[in-house]
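Since the structure comes first, as structure tokens, the remarks are kept for the end.
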Amino acid sequence: MLFQRAYAKINLTLDVLGRRGDGYHEVDMVMQTVDLSDVLWLEPRDDGEITMDSTSSSVPVDERNLCVQAAHAFRRRTGFRGGVHIQLDKHIPVAAGLAGGSSDAAAVLRGLNQMSGAGLTLDELAELGAEIGSDVPYCVYGGLAIARGRGERVTRYPHVPAMYAVLLHPRIFVSTADVYKGLSPSDFTDAPRSETMVQALAEGQLERVAEIVHNALERVTMSLYPELKALKERVASIAQRPVHMSGSGPTLYVLTPVQTHAQRLYNALRGIMKDVYVCRFVGGYAEAHARS
Ligand code: ATP
């Protein structure tokens, strides 16, 4: 039985450069792994089947699950014939802007690579991940990175900022497709903030980071879901710090370099909402392996 952790990510920046001919948007984003994670157990099966179970009833456990798609993609790429049963203990909120599904898929790719002895590099796994979803290549590496293109072109930074994020997941369903459809040319930019963000993080200007955070999807999400806008204002008045949105939402977060501030804010927000998490920024899988 093989164990893999699949971490959530938050977007520290998300700029949209424009709409492409293939229907995707050209994005430029700073992604950061946080220590909220799903847990996957991969168990070899003698009959060559790919099966799965999940602790959450809100994700399918058939071919629609990104874990199953990842296992098929891995077998196509490597010729591995072994079967596997995937047990998914889901802790990352689903459809939350935290890339939970993509991270699970990346964990399956890393896990099967280990189980089969196929020996693909992380770069090869990331390339394979792009067939499954735009965020999967980033999730193969994790840590701090800039993702460009439709998200699949990843530049990694080994730095792990000493930062905490208090996450709130309001139970509001956000349609990512509707959010992207709602973008107008005034939301596009040709001066993305990603390099400035990475530099501020690398130089340890952690109080400046919250001023640089930007999410081009936020205007659309907040106008489609006014209840999220109202919640954001309420959280800002409790936190007395800027409140940001990850991905297309609805997850909101507040950053602080001070652990006791994060803990105090967590306690205050737990009074108004159930799904609150206090998280630390963590490094990528390559760094974790280098340390072990
Ligand atoms: P992103 O930040 O990459 O846009 P997300 O956090 O908004 O992702 P996910 O939690 O990855 O969204 O789920 C999006 C959809 O993918 C859901 O509708 C869900 O049914 C489907 N899905 C497929 N496999 C999984 C999985 N392993 N975990 C969660 N959702 C999955």
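As shown in the structure tokens, the chain order sets the letters A, B, ...; within each chain, residues go from 1, and ligands are also counted from 1 in the order they appear.
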
Collect all residues with atoms no farther than 7 Å from ligand 1, counting only C-alpha atoms and all ligand atoms, and output them as a compact mmCIF listing (two decimals) with N, CA and C atoms, in the first residue's frame.
# COMPACT_ATOMS: atom_id res chain seq x y z
N SER A 58 -19.38 14.02 -2.55
CA SER A 58 -19.51 15.05 -3.59
C SER A 58 -18.52 14.90 -4.74
N VAL A 59 -17.72 13.82 -4.73
CA VAL A 59 -16.90 13.57 -5.93
C VAL A 59 -17.27 12.20 -6.52
N PRO A 60 -17.32 12.13 -7.86
CA PRO A 60 -17.62 10.84 -8.49
C PRO A 60 -16.44 9.88 -8.28
N ARG A 64 -15.04 9.85 -14.28
CA ARG A 64 -15.07 11.32 -14.19
C ARG A 64 -14.08 11.83 -13.16
N ASN A 65 -13.64 10.95 -12.24
CA ASN A 65 -12.70 11.42 -11.22
C ASN A 65 -11.31 11.59 -11.83
N LEU A 66 -10.68 12.71 -11.49
CA LEU A 66 -9.36 13.00 -12.07
C LEU A 66 -8.32 11.98 -11.63
N CYS A 67 -8.54 11.31 -10.50
CA CYS A 67 -7.61 10.25 -10.06
C CYS A 67 -7.63 9.08 -11.06
N PRO A 93 -11.88 21.18 0.36
CA PRO A 93 -13.24 21.41 -0.16
C PRO A 93 -13.28 21.25 -1.69
N VAL A 94 -14.37 20.71 -2.17
CA VAL A 94 -14.52 20.41 -3.61
C VAL A 94 -15.02 21.66 -4.35
N ALA A 95 -14.51 21.85 -5.58
CA ALA A 95 -14.89 22.98 -6.44
C ALA A 95 -14.76 24.29 -5.67
N ALA A 96 -13.60 24.49 -5.08
CA ALA A 96 -13.39 25.60 -4.15
C ALA A 96 -12.37 26.62 -4.64
N GLY A 97 -11.69 26.33 -5.77
CA GLY A 97 -10.61 27.21 -6.21
C GLY A 97 -9.29 26.84 -5.56
N LEU A 98 -9.24 25.61 -4.99
CA LEU A 98 -8.03 25.15 -4.27
C LEU A 98 -7.32 24.03 -5.02
N ALA A 99 -7.81 23.70 -6.23
CA ALA A 99 -7.20 22.67 -7.10
C ALA A 99 -7.14 21.28 -6.45
N GLY A 100 -8.13 20.97 -5.62
CA GLY A 100 -8.13 19.67 -4.95
C GLY A 100 -8.09 18.50 -5.93
N GLY A 101 -8.92 18.53 -6.94
CA GLY A 101 -8.97 17.43 -7.92
C GLY A 101 -7.67 17.30 -8.68
N SER A 102 -7.10 18.43 -9.09
CA SER A 102 -5.83 18.41 -9.84
C SER A 102 -4.72 17.87 -8.96
N ASP A 104 -5.07 15.78 -6.45
CA ASP A 104 -5.27 14.32 -6.32
C ASP A 104 -4.71 13.60 -7.54
N ALA A 105 -5.00 14.15 -8.73
CA ALA A 105 -4.51 13.53 -9.97
C ALA A 105 -2.99 13.49 -9.98
N ASP A 135 -4.18 22.65 -14.27
CA ASP A 135 -3.49 22.86 -12.99
C ASP A 135 -2.68 21.64 -12.56
N THR A 176 -16.94 27.78 -12.51
CA THR A 176 -15.71 28.34 -13.09
C THR A 176 -15.95 28.78 -14.54
N GLY A 247 -8.36 31.29 -7.03
CA GLY A 247 -8.92 30.75 -8.28
C GLY A 247 -10.19 31.49 -8.67
N SER A 248 -11.18 30.73 -9.10
CA SER A 248 -12.46 31.37 -9.47
C SER A 248 -13.39 31.44 -8.26

Can you tell me which residues surround Gln32 of chain A at a distance of at most 8 Å, considering only C-alpha atoms, apart from same-chain residues fewer than 3 positions away, and format the answer as a PDB file with N, CA and C atoms, in the first residue's frame?
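The result, stored in around_19.pdb:
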ATOM      1  N   LYS A   9      -3.695  24.345  -3.183  1.00  0.00           N
ATOM      2  CA  LYS A   9      -2.933  25.553  -3.538  1.00  0.00           C
ATOM      3  C   LYS A   9      -3.837  26.766  -3.378  1.00  0.00           C
ATOM      4  N   ILE A  10      -3.177  27.929  -3.175  1.00  0.00           N
ATOM      5  CA  ILE A  10      -3.911  29.181  -3.343  1.00  0.00           C
ATOM      6  C   ILE A  10      -3.240  29.986  -4.444  1.00  0.00           C
ATOM      7  N   ASN A  11      -4.000  30.864  -5.074  1.00  0.00           N
ATOM      8  CA  ASN A  11      -3.438  31.797  -6.055  1.00  0.00           C
ATOM      9  C   ASN A  11      -3.066  33.070  -5.321  1.00  0.00           C
ATOM     10  N   LEU A  12      -1.786  33.448  -5.410  1.00  0.00           N
ATOM     11  CA  LEU A  12      -1.388  34.741  -4.832  1.00  0.00           C
ATOM     12  C   LEU A  12      -1.590  35.840  -5.861  1.00  0.00           C
ATOM     13  N   GLY A 142       4.193  21.292  -6.962  1.00  0.00           N
ATOM     14  CA  GLY A 142       3.808  21.989  -5.733  1.00  0.00           C
ATOM     15  C   GLY A 142       4.787  23.099  -5.387  1.00  0.00           C
ATOM     16  N   GLY A 143       4.617  23.694  -4.202  1.00  0.00           N
ATOM     17  CA  GLY A 143       5.493  24.774  -3.753  1.00  0.00           C
ATOM     18  C   GLY A 143       5.101  26.111  -4.350  1.00  0.00           C
ATOM     19  N   LEU A 144       6.106  26.987  -4.455  1.00  0.00           N
ATOM     20  CA  LEU A 144       5.883  28.322  -5.036  1.00  0.00           C
ATOM     21  C   LEU A 144       6.235  28.272  -6.517  1.00  0.00           C
ATOM     22  N   ALA A 145       5.344  28.749  -7.372  1.00  0.00           N
ATOM     23  CA  ALA A 145       5.601  28.683  -8.810  1.00  0.00           C
ATOM     24  C   ALA A 145       4.781  29.737  -9.544  1.00  0.00           C
ATOM     25  N   PHE A 281       2.350  27.971   4.521  1.00  0.00           N
ATOM     26  CA  PHE A 281       2.886  27.764   3.170  1.00  0.00           C
ATOM     27  C   PHE A 281       3.883  26.596   3.239  1.00  0.00           C
ATOM     28  N   VAL A 282       3.855  25.728   2.243  1.00  0.00           N
ATOM     29  CA  VAL A 282       4.830  24.626   2.212  1.00  0.00           C
ATOM     30  C   VAL A 282       5.520  24.548   0.856  1.00  0.00           C
TER      31      VAL A 282
END

**Q.** From A:Ala130, A:Val34, A:Val27, A:Ala230, residue lying nearest Phe74 of chain A [only C-alpha atoms]
**A.** A:Ala130

Q) So which bits of segment 87-263 of chain A end up strand (DSSP E) when you DSSP the backbone, as a VMD selection string? A) chain A and resid 87 to 89 144 to 149 153 to 157 164 to 168 214 to 215 244 to 245 252 to 256

Using N, CA and C atoms, can you export the residues from the last selection as a CSV table (one decimal), in the first residue's frame?
chain,number,residue,atom,x,y,z
A,87,GLN,N,-7.8,4.8,-2.6
A,87,GLN,CA,-8.7,5.3,-1.5
A,87,GLN,C,-8.4,6.7,-1.3
A,88,LEU,N,-9.4,7.6,-1.5
A,88,LEU,CA,-9.2,9.0,-1.4
A,88,LEU,C,-9.9,9.5,-0.1
A,89,ASP,N,-9.1,10.0,0.8
A,89,ASP,CA,-9.6,10.7,2.0
A,89,ASP,C,-9.7,12.2,1.7
A,144,LEU,N,6.1,27.0,-4.5
A,144,LEU,CA,5.9,28.3,-5.0
A,144,LEU,C,6.2,28.3,-6.5
A,145,ALA,N,5.3,28.7,-7.4
A,145,ALA,CA,5.6,28.7,-8.8
A,145,ALA,C,4.8,29.7,-9.5
A,146,ILE,N,5.2,30.1,-10.7
A,146,ILE,CA,4.4,30.9,-11.7
A,146,ILE,C,3.9,29.9,-12.7
A,147,ALA,N,2.6,30.0,-13.0
A,147,ALA,CA,2.0,29.1,-14.0
A,147,ALA,C,1.5,30.0,-15.1
A,148,ARG,N,1.9,29.7,-16.4
A,148,ARG,CA,1.5,30.5,-17.5
A,148,ARG,C,0.8,29.7,-18.6
A,149,GLY,N,0.5,30.3,-19.7
A,149,GLY,CA,-0.2,29.6,-20.7
A,149,GLY,C,-1.7,29.4,-20.3
A,153,ARG,N,2.3,25.8,-18.1
A,153,ARG,CA,3.7,26.2,-18.2
A,153,ARG,C,4.2,26.7,-16.9
A,154,VAL,N,5.0,25.9,-16.2
A,154,VAL,CA,5.3,26.1,-14.8
A,154,VAL,C,6.8,26.5,-14.6
A,155,THR,N,7.0,27.6,-13.9
A,155,THR,CA,8.4,28.0,-13.4
A,155,THR,C,8.4,27.9,-11.9
A,156,ARG,N,9.3,27.1,-11.4
A,156,ARG,CA,9.3,26.9,-10.0
A,156,ARG,C,10.3,27.7,-9.2
A,157,TYR,N,10.0,28.0,-8.0
A,157,TYR,CA,10.9,28.7,-7.1
A,157,TYR,C,11.1,27.9,-5.8
A,164,TYR,N,1.4,32.4,6.8
A,164,TYR,CA,0.2,31.6,7.1
A,164,TYR,C,-1.0,32.2,6.3
A,165,ALA,N,-1.9,31.3,6.0
A,165,ALA,CA,-3.1,31.7,5.3
A,165,ALA,C,-4.3,31.1,6.1
A,166,VAL,N,-5.2,32.0,6.4
A,166,VAL,CA,-6.4,31.5,7.0
A,166,VAL,C,-7.4,31.4,5.9
A,167,LEU,N,-7.9,30.2,5.6
A,167,LEU,CA,-8.8,29.9,4.5
A,167,LEU,C,-10.2,29.8,5.0
A,168,LEU,N,-11.2,30.3,4.2
A,168,LEU,CA,-12.6,30.1,4.5
A,168,LEU,C,-13.3,29.6,3.3
A,214,HIS,N,-3.5,39.8,-6.3
A,214,HIS,CA,-4.5,40.3,-7.3
A,214,HIS,C,-5.2,39.1,-7.9
A,215,ASN,N,-6.5,39.2,-8.2
A,215,ASN,CA,-7.2,38.1,-8.8
A,215,ASN,C,-8.1,38.7,-9.8
A,244,HIS,N,-8.7,38.0,0.3
A,244,HIS,CA,-8.5,37.7,-1.1
A,244,HIS,C,-9.3,36.4,-1.5
A,245,MET,N,-9.4,36.2,-2.8
A,245,MET,CA,-10.1,35.0,-3.3
A,245,MET,C,-9.1,34.1,-4.1
A,252,LEU,N,-12.0,32.1,0.2
A,252,LEU,CA,-11.4,33.4,0.6
A,252,LEU,C,-10.2,33.1,1.5
A,253,TYR,N,-9.3,34.0,1.5
A,253,TYR,CA,-8.2,33.8,2.5
A,253,TYR,C,-7.6,35.1,2.9
A,254,VAL,N,-7.0,35.1,4.1
A,254,VAL,CA,-6.3,36.2,4.7
A,254,VAL,C,-4.8,35.8,5.0
A,255,LEU,N,-3.9,36.6,4.7
A,255,LEU,CA,-2.5,36.2,4.9
A,255,LEU,C,-1.9,36.9,6.1
A,256,THR,N,-1.0,36.3,6.8
A,256,THR,CA,-0.2,36.9,7.8
A,256,THR,C,1.1,36.1,8.0

**Q.** Residues of segment 58-288 of chain A in helix (DSSP H, G or I), written as a PyMOL selection string
**A.** chain A and resi 66-78+100-116+122-129+136-141+176-181+185-187+194-202+206-212+218-224+226-239+259-270+285-288

Q: Between A:Val209, A:Val258, A:Ala106, A:Ala177, single out the one closest to Tyr24 of chain A, counting only C-alpha atoms.
A: A:Ala177
